[in-house]
Structures are given as structure tokens and as C-alpha cells.
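What follows is start-v7.cif (mmCIF, C-alpha atoms).
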```
data_upload
loop_
_atom_site.group_PDB
_atom_site.id
_atom_site.type_symbol
_atom_site.label_atom_id
_atom_site.label_comp_id
_atom_site.auth_asym_id
_atom_site.auth_seq_id
_atom_site.Cartn_x
_atom_site.Cartn_y
_atom_site.Cartn_z
ATOM 1 C CA MET A 1 -39.198 -41.898 25.016
ATOM 2 C CA SER A 2 -38.559 -38.976 27.228
ATOM 3 C CA ALA A 3 -42.013 -39.328 28.619
ATOM 4 C CA ASP A 4 -41.345 -42.984 29.464
ATOM 5 C CA ILE A 5 -38.051 -42.137 31.223
ATOM 6 C CA GLU A 6 -39.724 -39.380 33.145
ATOM 7 C CA THR A 7 -42.483 -41.733 34.195
ATOM 8 C CA ARG A 8 -39.992 -44.401 35.437
ATOM 9 C CA GLY A 9 -38.090 -41.753 37.456
ATOM 10 C CA ALA A 10 -41.218 -40.578 39.117
ATOM 11 C CA GLY A 11 -42.178 -44.099 40.017
ATOM 12 C CA SER A 12 -38.801 -44.828 41.661
ATOM 13 C CA ARG A 13 -39.040 -41.925 44.130
ATOM 14 C CA ALA A 14 -40.213 -42.780 47.667
ATOM 15 C CA PRO A 15 -43.225 -40.855 48.973
ATOM 16 C CA PRO A 16 -42.236 -37.800 51.034
ATOM 17 C CA GLU A 17 -43.909 -39.208 54.169
ATOM 18 C CA ALA A 18 -41.785 -42.354 54.082
ATOM 19 C CA CYS A 19 -38.510 -40.349 54.198
ATOM 20 C CA SER A 20 -39.338 -37.858 56.962
ATOM 21 C CA ALA A 21 -39.608 -38.415 60.732
ATOM 22 C CA PRO A 22 -43.075 -39.151 62.088
ATOM 23 C CA VAL A 23 -44.954 -36.105 63.220
ATOM 24 C CA ALA A 24 -46.496 -36.087 66.679
ATOM 25 C CA ARG A 25 -50.193 -35.493 66.790
ATOM 26 C CA ALA A 26 -52.138 -33.645 69.419
ATOM 27 C CA GLY A 27 -53.190 -35.998 72.216
ATOM 28 C CA ASP A 28 -50.346 -38.469 71.713
ATOM 29 C CA GLY A 29 -48.715 -37.294 74.990
ATOM 30 C CA VAL A 30 -45.227 -38.012 73.676
ATOM 31 C CA ARG A 31 -42.778 -35.520 72.262
ATOM 32 C CA VAL A 32 -40.951 -36.951 69.281
ATOM 33 C CA ALA A 33 -37.259 -37.035 69.949
ATOM 34 C CA GLY A 34 -35.027 -35.359 67.470
ATOM 35 C CA PRO A 35 -31.831 -36.803 66.074
ATOM 36 C CA GLY A 36 -29.508 -37.872 68.959
ATOM 37 C CA GLU A 37 -32.191 -37.338 71.679
ATOM 38 C CA ARG A 38 -33.733 -39.910 74.007
ATOM 39 C CA PRO A 39 -37.512 -40.205 73.994
ATOM 40 C CA VAL A 40 -39.117 -38.064 76.726
ATOM 41 C CA ALA A 41 -42.011 -39.484 78.710
ATOM 42 C CA SER A 42 -45.225 -37.597 79.089
ATOM 43 C CA ARG A 43 -46.088 -35.745 82.296
ATOM 44 C CA GLY A 44 -48.482 -38.427 83.440
ATOM 45 C CA GLU A 45 -45.961 -41.202 82.874
ATOM 46 C CA ALA A 46 -43.185 -39.256 84.705
ATOM 47 C CA ALA A 47 -45.499 -38.641 87.673
ATOM 48 C CA ARG A 48 -46.324 -42.353 87.802
ATOM 49 C CA ARG A 49 -42.610 -43.191 87.883
ATOM 50 C CA ARG A 50 -41.882 -40.717 90.721
ATOM 51 C CA ALA A 51 -44.850 -41.762 92.890
ATOM 52 C CA PRO A 52 -44.107 -44.554 95.452
ATOM 53 C CA SER A 53 -45.766 -47.850 94.853
ATOM 54 C CA ALA A 54 -48.722 -49.009 96.955
ATOM 55 C CA GLY A 55 -46.539 -51.720 98.496
ATOM 56 C CA ALA A 56 -43.951 -49.204 99.713
ATOM 57 C CA ILE A 57 -46.677 -47.044 101.249
ATOM 58 C CA ALA A 58 -48.151 -50.067 103.036
ATOM 59 C CA ILE A 59 -44.744 -51.083 104.440
ATOM 60 C CA ALA A 60 -44.067 -47.544 105.697
ATOM 61 C CA ALA A 61 -47.499 -47.358 107.322
ATOM 62 C CA GLU A 62 -46.949 -50.703 109.033
ATOM 63 C CA GLY A 63 -43.583 -49.503 110.329
ATOM 64 C CA PHE A 64 -45.119 -46.358 111.819
ATOM 65 C CA ARG A 65 -47.841 -48.434 113.474
ATOM 66 C CA ALA A 66 -45.234 -50.770 114.983
ATOM 67 C CA LEU A 67 -43.204 -47.841 116.351
ATOM 68 C CA GLY A 68 -46.323 -46.294 117.843
ATOM 69 C CA GLY A 69 -47.257 -49.570 119.521
ATOM 70 C CA LEU A 70 -43.743 -49.971 120.942
ATOM 71 C CA ALA A 71 -43.786 -46.435 122.344
ATOM 72 C CA LEU A 72 -47.167 -47.109 123.981
ATOM 73 C CA VAL A 73 -45.924 -50.346 125.570
ATOM 74 C CA MET A 74 -42.814 -48.622 126.937
ATOM 75 C CA ALA A 75 -44.916 -45.822 128.420
ATOM 76 C CA VAL A 76 -47.232 -48.325 130.139
ATOM 77 C CA VAL A 77 -44.295 -50.338 131.528
ATOM 78 C CA SER A 78 -42.622 -47.183 132.857
ATOM 79 C CA ALA A 79 -45.842 -46.121 134.569
ATOM 80 C CA LEU A 80 -46.235 -49.566 136.169
ATOM 81 C CA LEU A 81 -42.642 -49.594 137.433
ATOM 82 C CA TRP A 82 -43.092 -46.095 138.867
ATOM 83 C CA ALA A 83 -46.247 -47.212 140.676
ATOM 84 C CA LEU A 84 -44.723 -50.471 141.965
ATOM 85 C CA ASP A 85 -41.677 -48.618 143.272
ATOM 86 C CA GLY A 86 -43.940 -46.519 145.459
ATOM 87 C CA VAL A 87 -46.099 -49.381 146.782
ATOM 88 C CA PRO A 88 -43.819 -50.360 149.705
ATOM 89 C CA THR A 89 -43.607 -46.748 150.906
ATOM 90 C CA TRP A 90 -47.387 -46.290 150.624
ATOM 91 C CA ILE A 91 -47.980 -49.458 152.669
ATOM 92 C CA ALA A 92 -45.442 -48.471 155.331
ATOM 93 C CA GLY A 93 -46.675 -44.889 155.413
ATOM 94 C CA GLU A 94 -43.283 -43.531 154.306
ATOM 95 C CA PRO A 95 -42.676 -40.636 151.890
ATOM 96 C CA ARG A 96 -42.321 -41.394 148.190
ATOM 97 C CA GLY A 97 -38.775 -42.001 147.057
ATOM 98 C CA VAL A 98 -37.611 -43.536 150.335
ATOM 99 C CA ARG A 99 -36.160 -46.970 149.635
ATOM 100 C CA ARG A 100 -35.333 -49.946 151.830
ATOM 101 C CA ALA A 101 -32.117 -51.860 152.375
ATOM 102 C CA ARG A 102 -31.734 -55.091 154.327
ATOM 103 C CA THR A 103 -28.188 -54.517 155.551
ATOM 104 C CA VAL A 104 -25.642 -51.718 155.898
ATOM 105 C CA GLN A 105 -23.650 -53.326 153.070
ATOM 106 C CA ASP A 106 -26.700 -53.238 150.781
ATOM 107 C CA ALA A 107 -27.210 -49.542 151.534
ATOM 108 C CA GLU A 108 -23.564 -48.845 150.763
ATOM 109 C CA ARG A 109 -23.860 -50.634 147.418
ATOM 110 C CA PHE A 110 -26.949 -48.644 146.495
ATOM 111 C CA LEU A 111 -25.344 -45.351 147.547
ATOM 112 C CA ARG A 112 -21.863 -46.281 146.244
ATOM 113 C CA ALA A 113 -20.255 -44.963 149.417
ATOM 114 C CA ARG A 114 -19.105 -46.274 152.774
ATOM 115 C CA LEU A 115 -21.112 -45.109 155.772
ATOM 116 C CA VAL A 116 -19.723 -43.266 158.778
ATOM 117 C CA ILE A 117 -20.703 -45.311 161.849
ATOM 118 C CA PRO A 118 -19.832 -44.825 165.544
ATOM 119 C CA SER A 119 -17.168 -47.304 166.622
ATOM 120 C CA TYR A 120 -18.387 -47.041 170.209
ATOM 121 C CA PHE A 121 -21.812 -48.446 171.121
ATOM 122 C CA PRO A 122 -23.216 -48.876 174.618
ATOM 123 C CA ALA A 123 -24.173 -52.460 175.444
ATOM 124 C CA THR A 124 -27.825 -51.398 175.500
ATOM 125 C CA PHE A 125 -27.940 -51.319 171.675
ATOM 126 C CA ALA A 126 -28.466 -54.418 169.524
ATOM 127 C CA TRP A 127 -26.393 -54.069 166.356
ATOM 128 C CA PRO A 128 -27.020 -54.506 163.365
ATOM 129 C CA PRO A 129 -29.822 -52.046 162.572
ATOM 130 C CA SER A 130 -33.349 -53.440 162.430
ATOM 131 C CA ARG A 131 -34.492 -50.914 159.841
ATOM 132 C CA ILE A 132 -32.590 -49.118 157.052
ATOM 133 C CA ARG A 133 -33.981 -46.489 154.695
ATOM 134 C CA PHE A 134 -32.140 -44.431 152.105
ATOM 135 C CA LEU A 135 -32.619 -41.797 149.433
ATOM 136 C CA THR A 136 -30.710 -41.293 146.214
ATOM 137 C CA GLY A 137 -30.364 -37.778 144.888
ATOM 138 C CA ALA A 138 -28.553 -34.632 145.901
ATOM 139 C CA PRO A 139 -27.475 -35.363 148.487
ATOM 140 C CA ALA A 140 -28.007 -39.093 148.903
ATOM 141 C CA ALA A 141 -28.651 -40.056 152.509
ATOM 142 C CA VAL A 142 -29.394 -43.007 154.768
ATOM 143 C CA ALA A 143 -31.177 -43.558 158.091
ATOM 144 C CA LEU A 144 -30.613 -46.468 160.493
ATOM 145 C CA TRP A 145 -32.800 -47.594 163.407
ATOM 146 C CA VAL A 146 -31.025 -49.675 166.077
ATOM 147 C CA ASP A 147 -33.156 -51.497 168.639
ATOM 148 C CA GLY A 148 -32.423 -51.502 172.334
ATOM 149 C CA ARG A 149 -31.682 -54.750 174.152
ATOM 150 C CA GLN A 150 -34.418 -56.100 176.434
ATOM 151 C CA GLY A 151 -36.682 -53.169 175.674
ATOM 152 C CA GLY A 152 -34.031 -50.557 176.426
ATOM 153 C CA PRO A 153 -33.611 -47.268 174.519
ATOM 154 C CA GLY A 154 -32.830 -47.510 170.860
ATOM 155 C CA LEU A 155 -30.690 -45.349 168.569
ATOM 156 C CA PHE A 156 -31.453 -43.404 165.407
ATOM 157 C CA ILE A 157 -28.601 -42.587 162.984
ATOM 158 C CA ALA A 158 -28.913 -40.436 159.854
ATOM 159 C CA GLU A 159 -26.259 -39.143 157.486
ATOM 160 C CA THR A 160 -25.609 -37.904 153.984
ATOM 161 C CA VAL A 161 -22.871 -39.306 151.750
ATOM 162 C CA ALA A 162 -22.147 -35.893 150.191
ATOM 163 C CA PRO A 163 -22.285 -32.249 151.296
ATOM 164 C CA GLY A 164 -25.756 -30.985 152.090
ATOM 165 C CA PRO A 165 -28.447 -31.233 154.774
ATOM 166 C CA ILE A 166 -30.092 -34.536 155.655
ATOM 167 C CA PRO A 167 -33.419 -34.744 153.743
ATOM 168 C CA PRO A 168 -36.340 -34.197 156.154
ATOM 169 C CA ARG A 169 -38.121 -37.232 154.651
ATOM 170 C CA LEU A 170 -35.634 -39.490 156.445
ATOM 171 C CA ILE A 171 -35.827 -37.854 159.894
ATOM 172 C CA PRO A 172 -38.784 -38.387 162.254
ATOM 173 C CA GLU A 173 -40.270 -35.039 163.269
ATOM 174 C CA VAL A 174 -39.501 -33.711 166.740
ATOM 175 C CA GLN A 175 -40.175 -30.688 168.905
ATOM 176 C CA VAL A 176 -36.991 -28.952 170.050
ATOM 177 C CA LEU A 177 -36.815 -28.069 173.757
ATOM 178 C CA GLY A 178 -33.307 -26.636 173.855
ATOM 179 C CA ARG A 179 -29.938 -26.532 172.086
ATOM 180 C CA SER A 180 -26.310 -26.046 173.036
ATOM 181 C CA PRO A 181 -23.012 -26.158 171.095
ATOM 182 C CA VAL A 182 -20.712 -29.141 171.495
ATOM 183 C CA ALA A 183 -17.349 -30.096 169.972
ATOM 184 C CA VAL A 184 -17.232 -33.295 167.920
ATOM 185 C CA GLY A 185 -13.569 -33.744 167.107
ATOM 186 C CA ALA A 186 -12.453 -30.787 164.995
ATOM 187 C CA SER A 187 -16.021 -29.971 163.956
ATOM 188 C CA PRO A 188 -18.573 -27.967 165.938
ATOM 189 C CA GLY A 189 -21.829 -29.729 166.661
ATOM 190 C CA THR A 190 -25.202 -29.053 168.272
ATOM 191 C CA LEU A 191 -26.597 -31.021 171.213
ATOM 192 C CA SER A 192 -30.382 -30.771 171.565
ATOM 193 C CA ARG A 193 -33.175 -32.034 173.796
ATOM 194 C CA VAL A 194 -36.183 -32.900 171.652
ATOM 195 C CA VAL A 195 -39.564 -34.542 172.014
ATOM 196 C CA GLU A 196 -40.217 -37.466 169.666
ATOM 197 C CA GLU A 197 -43.621 -39.156 169.828
ATOM 198 C CA GLY A 198 -44.177 -37.802 173.307
ATOM 199 C CA VAL A 199 -40.781 -38.964 174.638
ATOM 200 C CA VAL A 200 -37.870 -36.650 175.519
ATOM 201 C CA VAL A 201 -34.648 -37.763 173.811
ATOM 202 C CA TRP A 202 -31.182 -36.365 173.119
ATOM 203 C CA GLU A 203 -29.984 -35.444 169.642
ATOM 204 C CA ILE A 204 -26.555 -34.440 168.338
ATOM 205 C CA ALA A 205 -25.868 -33.106 164.833
ATOM 206 C CA TRP A 206 -22.512 -32.252 163.257
ATOM 207 C CA GLN A 207 -20.466 -32.122 160.033
ATOM 208 C CA GLN A 208 -17.692 -34.598 159.269
ATOM 209 C CA GLY A 209 -15.713 -35.175 156.083
ATOM 210 C CA GLY A 210 -18.176 -33.195 153.971
ATOM 211 C CA ARG A 211 -21.172 -35.088 155.403
ATOM 212 C CA SER A 212 -24.043 -34.173 157.681
ATOM 213 C CA LEU A 213 -24.587 -36.611 160.571
ATOM 214 C CA LEU A 214 -27.186 -36.967 163.313
ATOM 215 C CA LEU A 215 -27.632 -39.281 166.320
ATOM 216 C CA ARG A 216 -30.777 -39.444 168.442
ATOM 217 C CA SER A 217 -31.455 -41.612 171.509
ATOM 218 C CA ARG A 218 -32.812 -41.708 175.087
ATOM 219 C CA VAL A 219 -29.393 -42.632 176.454
ATOM 220 C CA GLY A 220 -27.610 -39.885 178.331
ATOM 221 C CA ALA A 221 -26.108 -36.879 176.570
ATOM 222 C CA ASP A 222 -22.557 -37.964 177.516
ATOM 223 C CA GLU A 223 -23.013 -41.355 175.844
ATOM 224 C CA LEU A 224 -24.409 -39.741 172.721
ATOM 225 C CA VAL A 225 -21.470 -37.308 172.474
ATOM 226 C CA ARG A 226 -19.013 -40.168 172.985
ATOM 227 C CA MET A 227 -20.593 -42.106 170.113
ATOM 228 C CA ALA A 228 -20.474 -39.069 167.846
ATOM 229 C CA ARG A 229 -16.784 -38.543 168.569
ATOM 230 C CA SER A 230 -16.043 -42.191 167.737
ATOM 231 C CA ALA A 231 -17.773 -42.049 164.333
ATOM 232 C CA ARG A 232 -15.642 -43.075 161.402
ATOM 233 C CA GLU A 233 -16.024 -44.704 157.998
ATOM 234 C CA ALA A 234 -17.015 -48.329 158.304
ATOM 235 C CA PRO A 235 -14.125 -50.717 157.477
#
```

Can you dump the structure from the file as C-alpha cells?
Amino acid sequence: MSADIETRGAGSRAPPEACSAPVARAGDGVRVAGPGERPVASRGEAARRRAPSAGAIAIAAEGFRALGGLALVMAVVSALLWALDGVPTWIAGEPRGVRRARTVQDAERFLRARLVIPSYFPATFAWPPSRIRFLTGAPAAVALWVDGRQGGPGLFIAETVAPGPIPPRLIPEVQVLGRSPVAVGASPGTLSRVVEEGVVVWEIAWQQGGRSLLLRSRVGADELVRMARSAREAP
């Protein structure tokens, strides 16, 4: 009887492998989690999770290509605008950067300043100016060409709208024959005889209100000085 009882007890026991946790084998790639632990992925599986998907890479590449194309288009447009801005000056034989204005009011809007203009003009001049050129920068400046009536002498006016000398690009070149000081209101000025394109003309230059001004014409020196002394900001 004891043998029978012993046999039944042995048969009721579960095999040791059924009661213990499964044992990881070499090559499985998975560490068996212990009690209370979460399963840990293998190195290959973790790397696959961290790596971006092919779709994300394609979207990023497309975005970079689009940005590159936009930058190229903007560069081409900027180059074309730069070239077109210089076309009128190339055609007219004027220095680069010199711009045109149709009226005195247009020039003032571009320069954001009122111009100082003589209030006295001899009847030989035909106002308004027939030609207006200006420069933006430091300092900004403008040049006006006034025709003479019935083929009479004309007038050239140049001025800055801030302290500083008038840019040479705006002033036709001349050969100076002689200079003398002259008073223009409270400011000292210089009266000169110069040769411009083979013609002897008078020129007066002075400072007024933090600006540099210049008048040039074939009218007499007295008329030129009178105009300079009447110069004031345009109403």
C-alpha cells in the first residue's frame, strides 16, 4: 500500500519545467524579463524603432529641395532687378546708382525731404526743370537742369538733403579758372569761373541748413549770387 500511495504522489507532481520560467536560449535576441519587469527589445529591434521611416526621410529631402529651389529663384530675381535698375543709366551714359525723377515733388518723395530752391529766377529760365537726377545714400542728393527760354542760358542746381559734399556722380565735370569768396546770407560761399564742355560759366557753392548747395549758369555772377541768397525750402 505504501508503494501505491508513493506512486500516486509522484504522478500528481507537475514536471519541474512546467513550474519554472522559460529560459532564454542563445540566439533568441530577447532577454527574459524577471518578475515585475517589462520585456526588453533586442538591439536590432530598438535600432529599428529609433531610425526614421523611409517616408519621413523622403518628406525631409523634398523640403530641402523646395527650399533650395526657392533660394535659387530669389537670387535670380534679385540679379535681374539689379540689372534692370542700371539699364536706364547705361543707356543715358550716366553713372550707376543715379536715378530719375519726373518732377521736383517726385524727387522729394524719393528722398523724403523738401528741396531748397531759389525763390528768385531770371525770366531767361523756363521752370520746372527738364531733367532731374538723384542719389540715395549718405548723403542723398539731387541735381536739376533748367532750360533757358528761346535758347538762352540754362541753370544747373545740385544739393544734398543732409550734411556732406555733393556726390561727384551728380555734377558735370568742369575746369576751374578762378575762385573768390562770397557771402550767401550768414554762410560763406565760393564763386568760381569754370569751363564746362568748352563754355565758360559761373558757379557758386555754399552751405545752408546742414546742406551743400551749388548753382551753375552762364548768366552773370550777380544774378547767380542773387539766386543763391534767395534759396529756401520749397513750400

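Note on the selection: in this file the PyMOL selection byres ((chain A and resi 183-186) around 12) comes out as A:Ser180, A:Pro181, A:Val182, A:Ser187, A:Pro188, A:Gly189, A:Thr190, A:Leu191, A:Ile204, A:Ala205, A:Trp206, A:Gln207, A:Gln208, A:Gly209, A:Leu213, A:Leu214, A:Asp222, A:Leu224, A:Val225, A:Arg226, A:Met227, A:Ala228, A:Arg229, A:Ser230, A:Ala231, A:Arg232.
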
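Among A:Gln150, A:Thr160, A:Thr103, A:Ser192, the residue with the shortest atom-to-atom distance to Leu115 of chain A, counting all atoms listed in the file, is A:Thr160.
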
List the residues selected by the PyMOL selection byres ((chain A and resi 161) around 7) in the file shown, writing them as a PyMOL selection string. chain A and resi 113+139-141+159-160+162+211

Which residues, named as in the file, does the PyMOL selection byres ((chain A and resi 155-157) around 6) pick out? Answer as a short mmCIF file (atom, residue, chain, number, x, y, z; two decimals) with C-alpha atoms, in the frame of the given file.
```cif
data_model
loop_
_atom_site.label_atom_id
_atom_site.label_comp_id
_atom_site.auth_asym_id
_atom_site.auth_seq_id
_atom_site.Cartn_x
_atom_site.Cartn_y
_atom_site.Cartn_z
CA ALA A 143 -31.18 -43.56 158.09
CA LEU A 144 -30.61 -46.47 160.49
CA TRP A 145 -32.80 -47.59 163.41
CA VAL A 146 -31.02 -49.68 166.08
CA GLY A 154 -32.83 -47.51 170.86
CA ALA A 158 -28.91 -40.44 159.85
CA LEU A 214 -27.19 -36.97 163.31
CA LEU A 215 -27.63 -39.28 166.32
CA ARG A 216 -30.78 -39.44 168.44
CA SER A 217 -31.46 -41.61 171.51
#
```

Looking at A:Thr136, A:Gln175, A:Pro153, A:Gly68, which one is nearest to Glu196 of chain A, with distances taken over only C-alpha atoms? A:Gln175

Produce the centre coordinates and the three edge lengths, each in Å to one decimal, of the box along x, y and z that contains all listed atoms of segment 131-147 of chain A with 3 Å added on each side, as lines of an AutoDock Vina configuration file.
```
center_x = -31.0
center_y = -43.1
center_z = 156.8
size_x = 13.0
size_y = 22.9
size_z = 29.8
```

Nearby residues (all atoms listed in the file) at most 12 Å from Glu173 of chain A, same-chain spacing under 6 positions excluded, as a PyMOL selection string: chain A and resi 167+194-198+216

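The space separating atom CA of Phe125 of chain A from atom CA of Arg169 of chain A comes to 24.3 Å.
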
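Note that the spacing between atom CA of Arg218 of chain A and atom CA of Arg193 of chain A amounts to 9.8 Å.
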
Could you check how far atom CA of Phe134 of chain A sits from atom CA of Arg112 of chain A, in Å to one decimal? 12.0 Å

Quick one: residues within 8 Å of Ala107 of chain A, all atoms listed in the file counted, chain neighbours fewer than 5 positions away excluded, as a compact mmCIF listing (two decimals) with C-alpha atoms, in the coordinates of the input?
```
# COMPACT_ATOMS: atom_id res chain seq x y z
CA ALA A 101 -32.12 -51.86 152.38
CA ARG A 102 -31.73 -55.09 154.33
CA ILE A 132 -32.59 -49.12 157.05
CA PHE A 134 -32.14 -44.43 152.10
CA VAL A 142 -29.39 -43.01 154.77
```

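You can rank A:Trp127, A:Gly137, A:Asp147, A:Glu233 by their closest distance to Arg114 of chain A using all atoms listed in the file, and at the top of that list sits A:Glu233.
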